[in-house]
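The structure file data-v8.txt is reproduced below (compact mmCIF, C-alpha atoms).
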```txt
# COMPACT_ATOMS: atom_id res chain seq x y z
CA MET A 1 0.00 0.00 0.00
CA ILE A 2 1.22 3.50 -0.79
CA ASN A 3 2.49 5.49 2.18
CA PRO A 4 0.02 8.28 3.18
CA ILE A 5 2.71 10.98 3.08
CA VAL A 6 3.84 9.87 -0.37
CA ARG A 7 0.24 9.67 -1.56
CA ASN A 8 -0.38 13.24 -0.40
CA ASP A 9 2.74 14.38 -2.26
CA ILE A 10 1.70 12.55 -5.43
CA GLU A 11 -1.80 14.00 -5.39
CA SER A 12 -0.21 17.46 -5.15
CA ILE A 13 2.24 16.64 -7.96
CA ILE A 14 -0.58 15.56 -10.29
CA LYS A 15 -2.65 18.65 -9.45
CA ARG A 16 0.33 20.94 -10.09
CA LEU A 17 1.13 19.27 -13.43
CA GLY A 18 -2.42 19.73 -14.69
CA SER A 19 -3.15 18.68 -18.27
CA GLU A 20 0.53 17.93 -19.00
CA VAL A 21 0.11 14.42 -17.58
CA LYS A 22 -2.21 13.50 -20.46
CA LYS A 23 0.88 13.24 -22.68
CA LEU A 24 1.71 10.01 -20.82
CA SER A 25 -1.50 8.33 -21.92
CA GLY A 26 -0.80 4.99 -23.65
CA LYS A 27 2.97 5.62 -23.61
CA THR A 28 5.87 3.61 -22.15
CA VAL A 29 8.36 5.23 -19.76
CA LEU A 30 11.67 3.58 -18.86
CA ILE A 31 13.14 4.83 -15.57
CA THR A 32 16.64 3.88 -14.42
CA GLY A 33 17.36 3.91 -10.71
CA ALA A 34 13.65 3.21 -10.22
CA SER A 35 14.00 2.28 -6.55
CA GLY A 36 15.95 5.41 -5.59
CA LEU A 37 14.55 8.56 -3.98
CA ILE A 38 13.79 10.31 -7.28
CA GLY A 39 12.97 7.16 -9.26
CA SER A 40 10.47 5.89 -6.70
CA TYR A 41 8.46 9.11 -6.79
CA LEU A 42 8.39 9.04 -10.59
CA VAL A 43 7.23 5.40 -10.65
CA GLU A 44 4.61 5.94 -7.97
CA THR A 45 3.27 9.10 -9.60
CA ILE A 46 2.62 7.32 -12.90
CA ALA A 47 1.21 4.25 -11.11
CA TYR A 48 -1.19 6.54 -9.21
CA LEU A 49 -2.27 8.21 -12.45
CA ASN A 50 -3.16 4.77 -13.79
CA THR A 51 -4.90 3.67 -10.59
CA LYS A 52 -7.11 6.77 -10.49
CA ASN A 53 -7.84 6.59 -14.25
CA LYS A 54 -6.37 10.04 -14.85
CA LEU A 55 -5.19 8.96 -18.32
CA LEU A 56 -7.25 7.82 -21.32
CA LYS A 57 -4.98 4.78 -21.57
CA PRO A 58 -2.61 3.46 -18.89
CA CYS A 59 1.04 4.52 -19.06
CA ASN A 60 3.41 1.56 -18.90
CA VAL A 61 6.45 1.88 -16.65
CA ILE A 62 9.66 -0.12 -16.95
CA GLY A 63 11.80 0.29 -13.84
CA LEU A 64 15.47 -0.66 -14.02
CA GLN A 65 17.41 -0.95 -10.77
CA LYS A 66 20.28 -3.05 -9.44
CA ASN A 67 18.34 -4.53 -6.56
CA VAL A 68 15.38 -6.88 -6.81
CA ILE A 69 12.05 -5.33 -5.81
CA THR A 70 10.52 -7.52 -3.12
CA GLU A 71 7.07 -7.45 -1.55
CA ASP A 72 8.31 -5.74 1.60
CA SER A 73 10.29 -3.01 -0.22
CA ARG A 74 9.14 0.55 -0.93
CA LEU A 75 7.67 -0.33 -4.34
CA GLY A 76 6.64 -3.86 -3.41
CA TYR A 77 2.94 -3.02 -3.45
CA LEU A 78 3.21 -2.41 -7.21
CA LEU A 79 4.43 -5.95 -8.00
CA GLY A 80 2.13 -7.99 -10.20
CA ARG A 81 0.58 -5.02 -12.00
CA LYS A 82 0.38 -5.15 -15.79
CA ASP A 83 1.32 -1.49 -16.15
CA ILE A 84 4.46 -1.69 -13.97
CA GLN A 85 7.45 -3.92 -14.68
CA PHE A 86 10.60 -4.02 -12.56
CA ILE A 87 13.79 -5.44 -14.02
CA SER A 88 16.96 -6.00 -12.00
CA HIS A 89 19.72 -4.64 -14.22
CA ASN A 90 22.99 -2.71 -13.81
CA VAL A 91 22.43 0.25 -16.13
CA ALA A 92 26.18 0.73 -16.55
CA PHE A 93 25.64 -1.99 -19.17
CA PRO A 94 23.26 -1.64 -22.13
CA TYR A 95 19.68 -2.80 -21.76
CA PHE A 96 17.89 -3.79 -24.95
CA PRO A 97 14.14 -3.22 -24.72
CA THR A 98 11.99 -5.69 -26.65
CA PHE A 99 9.21 -3.09 -26.78
CA LYS A 100 8.90 0.51 -27.93
CA VAL A 101 9.97 3.06 -25.31
CA ASP A 102 8.58 6.58 -25.66
CA TYR A 103 10.22 8.29 -22.69
CA PHE A 104 13.49 7.66 -20.84
CA ILE A 105 14.45 9.06 -17.45
CA HIS A 106 18.02 8.28 -16.40
CA SER A 107 17.94 8.85 -12.65
CA ALA A 108 20.46 6.18 -11.61
CA GLY A 109 23.70 7.80 -10.52
CA MET A 110 25.22 6.87 -7.11
CA SER A 111 24.69 10.33 -5.63
CA ALA A 112 25.72 9.62 -2.02
CA PRO A 113 29.41 10.48 -1.43
CA ALA A 114 29.94 7.40 0.74
CA ILE A 115 28.85 5.24 -2.19
CA PHE A 116 30.64 6.99 -5.05
CA LEU A 117 33.88 7.33 -3.07
CA GLU A 118 33.78 3.59 -2.43
CA ASP A 119 33.12 2.71 -6.08
CA PRO A 120 34.52 5.51 -8.28
CA LEU A 121 34.71 3.43 -11.47
CA GLY A 122 31.15 2.20 -11.04
CA THR A 123 30.05 5.79 -10.51
CA VAL A 124 31.62 6.85 -13.81
CA ASP A 125 30.11 3.89 -15.65
CA VAL A 126 26.54 4.28 -14.41
CA ASN A 127 26.52 7.94 -15.49
CA VAL A 128 28.52 7.90 -18.72
CA SER A 129 27.87 4.39 -20.07
CA GLY A 130 24.33 4.52 -18.68
CA ILE A 131 23.27 7.56 -20.69
CA ARG A 132 25.26 6.43 -23.75
CA TRP A 133 23.17 3.29 -24.42
CA ILE A 134 19.99 5.29 -23.90
CA LEU A 135 21.11 7.89 -26.42
CA GLU A 136 22.10 5.12 -28.84
CA TYR A 137 18.65 3.54 -28.50
CA ALA A 138 17.11 6.94 -29.29
CA ARG A 139 19.35 7.30 -32.36
CA GLU A 140 18.02 4.02 -33.75
CA ASN A 141 14.45 4.27 -32.46
CA LYS A 142 12.26 7.34 -32.42
CA VAL A 143 11.53 8.48 -28.86
CA LYS A 144 9.52 11.40 -27.57
CA SER A 145 11.89 12.56 -24.85
CA ILE A 146 14.89 11.71 -22.68
CA LEU A 147 15.57 13.32 -19.31
CA TYR A 148 19.07 13.01 -17.91
CA MET A 149 19.47 13.68 -14.19
CA SER A 150 22.75 15.50 -13.83
CA SER A 151 23.59 17.31 -10.59
CA GLY A 152 24.07 20.76 -9.15
CA GLU A 153 27.45 19.44 -7.99
CA ILE A 154 28.85 19.95 -11.50
CA TYR A 155 29.27 23.63 -10.57
CA GLY A 156 31.71 22.78 -7.79
CA ASN A 157 32.40 25.68 -5.43
CA PRO A 158 31.26 28.85 -7.30
CA PRO A 159 32.75 32.24 -6.42
CA LEU A 160 30.46 34.81 -4.78
CA GLU A 161 29.68 36.56 -8.07
CA ASN A 162 28.13 33.33 -9.37
CA ILE A 163 25.79 32.79 -6.42
CA PRO A 164 22.89 32.26 -7.02
CA THR A 165 24.37 29.99 -9.66
CA PRO A 166 22.84 30.14 -13.16
CA GLU A 167 22.95 27.37 -15.78
CA THR A 168 25.42 29.49 -17.78
CA TYR A 169 28.12 29.22 -15.10
CA ALA A 170 30.82 26.87 -16.43
CA GLY A 171 31.76 25.35 -13.08
CA ASN A 172 34.72 25.19 -10.74
CA THR A 173 35.68 21.54 -10.21
CA ALA A 174 38.97 19.65 -10.07
CA THR A 175 39.49 16.44 -12.01
CA THR A 176 41.86 15.14 -9.31
CA ASP A 177 39.48 15.68 -6.40
CA PRO A 178 38.10 12.48 -4.78
CA ARG A 179 34.59 13.63 -5.72
CA ALA A 180 35.55 14.00 -9.38
CA CYS A 181 34.38 10.47 -10.17
CA TYR A 182 30.88 11.86 -9.65
CA THR A 183 31.15 15.48 -10.79
CA ALA A 184 33.32 14.80 -13.85
CA ALA A 185 31.13 11.85 -14.87
CA LYS A 186 28.04 14.07 -14.69
CA ARG A 187 29.77 16.71 -16.80
CA LEU A 188 30.86 14.18 -19.44
CA ALA A 189 27.35 12.68 -19.52
CA GLU A 190 25.95 16.17 -20.16
CA THR A 191 28.44 16.60 -23.01
CA LEU A 192 27.25 13.31 -24.53
CA CYS A 193 23.66 14.54 -24.34
CA PHE A 194 24.54 17.73 -26.20
CA ILE A 195 26.53 15.83 -28.85
CA TYR A 196 23.60 13.51 -29.58
CA PHE A 197 21.19 16.46 -29.62
CA LYS A 198 23.33 18.48 -32.05
CA LYS A 199 24.42 15.61 -34.28
CA TYR A 200 21.33 13.40 -34.32
CA GLY A 201 18.52 15.63 -33.08
CA ILE A 202 17.87 13.42 -30.04
CA PRO A 203 15.16 15.06 -27.85
CA VAL A 204 17.19 15.09 -24.65
CA LYS A 205 16.88 17.46 -21.71
CA ILE A 206 19.15 17.87 -18.70
CA ALA A 207 18.06 18.50 -15.13
CA ARG A 208 20.57 19.63 -12.53
CA PRO A 209 18.97 18.75 -9.18
CA PHE A 210 20.22 20.41 -5.99
CA VAL A 211 20.06 18.56 -2.67
CA VAL A 212 16.76 16.76 -3.27
CA TYR A 213 15.35 15.07 -0.17
CA GLY A 214 12.13 13.54 1.14
CA PRO A 215 10.50 10.15 1.81
CA GLY A 216 12.86 7.56 0.37
CA LEU A 217 15.99 9.17 1.79
CA LYS A 218 17.89 6.18 3.15
CA LEU A 219 19.27 6.64 6.64
CA SER A 220 22.25 4.47 5.74
CA ASP A 221 23.61 6.59 2.88
CA LYS A 222 25.82 8.73 5.19
CA ARG A 223 24.81 12.10 3.80
CA VAL A 224 24.34 14.92 6.30
CA MET A 225 20.55 14.92 6.38
CA ALA A 226 20.35 11.12 6.63
CA ASP A 227 22.87 11.06 9.50
CA PHE A 228 21.01 13.82 11.33
CA ILE A 229 17.60 12.13 10.96
CA ARG A 230 19.02 8.81 12.10
CA SER A 231 20.37 10.43 15.25
CA GLY A 232 17.04 12.17 15.78
CA LEU A 233 15.04 8.96 15.49
CA GLN A 234 17.42 7.27 17.92
CA GLY A 235 16.83 10.12 20.35
CA LYS A 236 20.51 11.04 20.32
CA PRO A 237 21.98 14.56 20.02
CA ILE A 238 23.54 15.23 16.63
CA LYS A 239 27.34 15.20 16.41
CA MET A 240 28.53 17.26 13.45
CA LEU A 241 31.79 16.83 11.54
CA SER A 242 32.28 20.61 11.34
CA GLU A 243 30.93 23.83 12.81
CA GLY A 244 28.13 23.59 10.25
CA SER A 245 28.61 26.94 8.56
CA ASP A 246 28.21 25.57 5.00
CA LYS A 247 24.88 26.50 3.48
CA ARG A 248 22.48 24.60 1.23
CA SER A 249 19.26 25.30 -0.63
CA TYR A 250 17.27 22.10 -0.10
CA CYS A 251 14.61 20.86 -2.53
CA TYR A 252 11.74 18.68 -1.31
CA ILE A 253 10.95 15.75 -3.59
CA GLN A 254 7.42 16.92 -4.41
CA ASP A 255 8.72 20.18 -5.86
CA ALA A 256 11.52 18.38 -7.71
CA THR A 257 9.19 15.78 -9.25
CA VAL A 258 6.91 18.48 -10.65
CA ALA A 259 9.93 20.07 -12.32
CA PHE A 260 11.27 16.75 -13.65
CA LEU A 261 8.00 15.72 -15.30
CA ASN A 262 7.37 19.19 -16.71
CA LEU A 263 10.81 19.08 -18.27
CA LEU A 264 10.43 15.52 -19.60
CA LEU A 265 7.11 16.33 -21.26
CA SER A 266 8.27 19.63 -22.73
CA ALA A 267 9.84 20.60 -26.05
CA LYS A 268 12.94 22.05 -24.33
CA ASN A 269 15.31 19.75 -26.22
CA GLY A 270 19.03 20.37 -25.83
CA GLU A 271 18.50 22.58 -22.78
CA VAL A 272 19.64 22.37 -19.17
CA PHE A 273 17.70 23.47 -16.10
CA ASN A 274 18.58 23.88 -12.45
CA VAL A 275 16.00 22.08 -10.30
CA ALA A 276 16.03 23.33 -6.75
CA GLY A 277 14.17 24.93 -3.89
CA ASP A 278 14.73 28.64 -3.42
CA LEU A 279 12.50 29.29 -0.41
CA GLU A 280 15.39 29.52 2.05
CA GLU A 281 19.11 28.95 2.45
CA VAL A 282 19.91 26.73 5.42
CA SER A 283 23.22 26.14 7.17
CA ILE A 284 24.23 22.63 8.24
CA ARG A 285 23.90 23.74 11.85
CA ASP A 286 20.42 25.14 11.21
CA LEU A 287 19.48 21.77 9.70
CA ALA A 288 20.74 19.96 12.79
CA GLU A 289 18.80 22.32 15.07
CA LEU A 290 15.62 21.71 13.05
CA VAL A 291 15.98 17.94 13.38
CA HIS A 292 16.43 18.38 17.15
CA LYS A 293 13.27 20.50 17.25
CA ILE A 294 11.15 18.04 15.23
CA CYS A 295 12.45 14.97 17.10
CA GLU A 296 12.15 16.81 20.45
CA ILE A 297 15.77 16.29 21.47
CA LYS A 298 16.53 18.54 24.43
CA GLU A 299 20.32 18.19 24.41
CA PRO A 300 22.30 20.64 22.24
CA VAL A 301 23.85 19.90 18.87
CA ARG A 302 27.49 18.94 19.29
CA VAL A 303 30.65 19.13 17.15
CA LYS A 304 32.95 16.15 17.32
CA LYS A 305 36.46 15.88 15.84
CA GLN A 306 36.28 17.11 12.26
CA ASP A 307 36.54 14.58 9.44
CA LYS A 308 38.25 16.77 6.86
CA GLU A 309 38.81 13.93 4.40
CA PHE A 310 35.13 13.03 4.17
CA ILE A 311 33.98 16.61 3.57
CA LYS A 312 36.94 17.52 1.33
CA GLY A 313 35.79 18.99 -1.97
CA ALA A 314 32.22 19.63 -0.84
CA PRO A 315 30.98 23.12 -1.84
CA SER A 316 30.69 25.61 1.01
CA ARG A 317 27.56 27.24 -0.38
CA VAL A 318 24.89 25.73 -2.63
CA MET A 319 22.43 28.32 -3.92
CA PRO A 320 21.13 27.88 -7.49
CA ASP A 321 19.36 30.33 -9.74
CA VAL A 322 16.03 28.78 -10.81
CA SER A 323 14.71 31.74 -12.80
CA LYS A 324 14.98 29.77 -16.06
CA LEU A 325 12.78 27.00 -14.63
CA LYS A 326 10.28 29.57 -13.35
CA LYS A 327 10.08 31.34 -16.70
CA ALA A 328 9.67 28.14 -18.73
CA PHE A 329 7.16 26.30 -16.52
CA GLY A 330 5.87 28.74 -13.92
CA TYR A 331 7.75 26.66 -11.36
CA LYS A 332 7.43 27.59 -7.73
CA ALA A 333 8.83 25.61 -4.80
CA LYS A 334 6.08 25.13 -2.22
CA ILE A 335 7.52 22.95 0.56
CA GLY A 336 9.92 24.66 2.95
CA ILE A 337 12.68 22.90 4.84
CA GLU A 338 10.83 22.48 8.16
CA GLU A 339 7.71 20.99 6.57
CA GLY A 340 9.78 18.83 4.23
CA LEU A 341 11.90 17.58 7.13
CA ARG A 342 8.78 16.72 9.13
CA ARG A 343 7.42 14.64 6.25
CA THR A 344 10.76 12.93 5.72
CA ILE A 345 11.14 12.13 9.42
CA GLN A 346 7.54 10.86 9.70
CA TRP A 347 8.08 8.59 6.69
CA ASN A 348 11.32 7.21 8.11
CA LYS A 349 9.71 6.75 11.52
CA ALA A 350 7.01 4.58 9.92
CA ILE A 351 9.64 2.60 8.01
CA THR A 352 11.83 2.00 11.07
CA LYS A 353 8.81 0.86 13.09
CA LYS A 354 8.02 -1.62 10.36
CA ASN A 355 11.63 -2.82 10.31
CA ILE A 356 11.83 -2.73 14.14
CA GLU A 357 15.22 -1.04 14.41
CA ILE A 358 17.00 2.04 13.11
CA PRO A 359 20.28 1.40 11.26
CA SER A 360 23.29 2.61 13.23
```
File written out as structure tokens:
Amino acid sequence: MINPIVRNDIESIIKRLGSEVKKLSGKTVLITGASGLIGSYLVETIAYLNTKNKLLKPCNVIGLQKNVITEDSRLGYLLGRKDIQFISHNVAFPYFPTFKVDYFIHSAGMSAPAIFLEDPLGTVDVNVSGIRWILEYARENKVKSILYMSSGEIYGNPPLENIPTPETYAGNTATTDPRACYTAAKRLAETLCFIYFKKYGIPVKIARPFVVYGPGLKLSDKRVMADFIRSGLQGKPIKMLSEGSDKRSYCYIQDATVAFLNLLLSAKNGEVFNVAGDLEEVSIRDLAELVHKICEIKEPVRVKKQDKEFIKGAPSRVMPDVSKLKKAFGYKAKIGIEEGLRRTIQWNKAITKKNIEIPS
């Protein structure tokens, strides 16, 4: 059964998209990284459209992900449906559909630093090789649209004059940095998209998401928000790896999904868009304090011995310019950080109750 918080988000997503969703009627959408935070929301949104008969004909979804979807997993309630098919496949290697695919969304990408630092070659492959076989499929088979999920991290650490950061900013990243396996792979994948658009007219669009969070954020992925929420659910005071002065503009998954689907279903081929929340800019310490407030932890936030290696290369300030997205689609972020955190924490609380214990 769909989680109530997720269902509420999806109902809002569908309402905000309006008549655009009708373009999915009778079409087939292939989503890589289908069981991830972004992929799950995309799969569940289309499944909900089909369930509520919002489309003239059902939209078929093919979800590719490394893991096997089981009955007790996030998307397990969708198993056995004719309109939803999950296939366990490493998208670093080509997948050859035996059916016509109209839309592709490449959302697989190993975005958690703990994961991509552990498997740098796999991180490069899933981004670069992953989008390459999709673009090749589109060159040989007519498709309506491809959406590549890049990342706001491709900008690196912009100077003050480029904050808020527009899509025209070229970036400030080092190829020798430990995080380069992720940032450089995203940049090369973007270049591939533009080559295929220019040379073959492939209808590809690029989204650059910034710090997307929400239900589906795994507490084991070792990113700041996940670590903080895990501590909060355990009733423990947060121990930060720094003073927490770095700032982020967080984007709740509902807002991000509206932007992703608007972009996928648009005619903005060969274009790139920042996808982010711009309601507030929050420091890491502010985030920790909010988690304490929501989880009712009375003890103060603490700073333990700094782990400079783990945070090395991370941008000190993440603040995108989303004016292009606003102008093209009338985009407006609606969920602020406190409300988004509450929803994320409530979802994780329900999951940890189901699984009995919180991962340490």
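Note that the spacing between CA of Ile31 (chain A) and CA of Ile62 (chain A) amounts to 6.2 Å.
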Check: Residues around (3.3, 18.2, -11.2), cut-off 10 Å, counting only C-alpha atoms - what are they as a PyMOL selection string?
Finding: chain A and resi 9-21+45+254-262+331
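When all atoms listed in the file are used to compute distances to Asp125 (chain A), the closest of the residues A:Ala170, A:Lys142, A:Ala189, A:Gly156 turns out to be A:Ala189.
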Next item on the list: Excluding region 71-76 of chain A and any residue of its chain fewer than 4 positions from it, enumerate the residues within 10 Å of it, using only C-alpha atoms, and give them as a VMD selection string.
Entry: chain A and resid 1 to 3 34 to 36 40 to 41 43 to 44 80 86 216 351 354 to 355
Notebook entry, point to check: Near Ser266 (chain A), within 12 Å and counting all atoms listed in the file, which residues show up once chain neighbours fewer than 6 positions away are dropped, as JSON, numbers by chain?
Noted result: {"A": [17, 20, 21, 23, 24, 103, 144, 145, 146, 147, 203, 204, 205, 206, 259, 260, 325, 328, 329]}
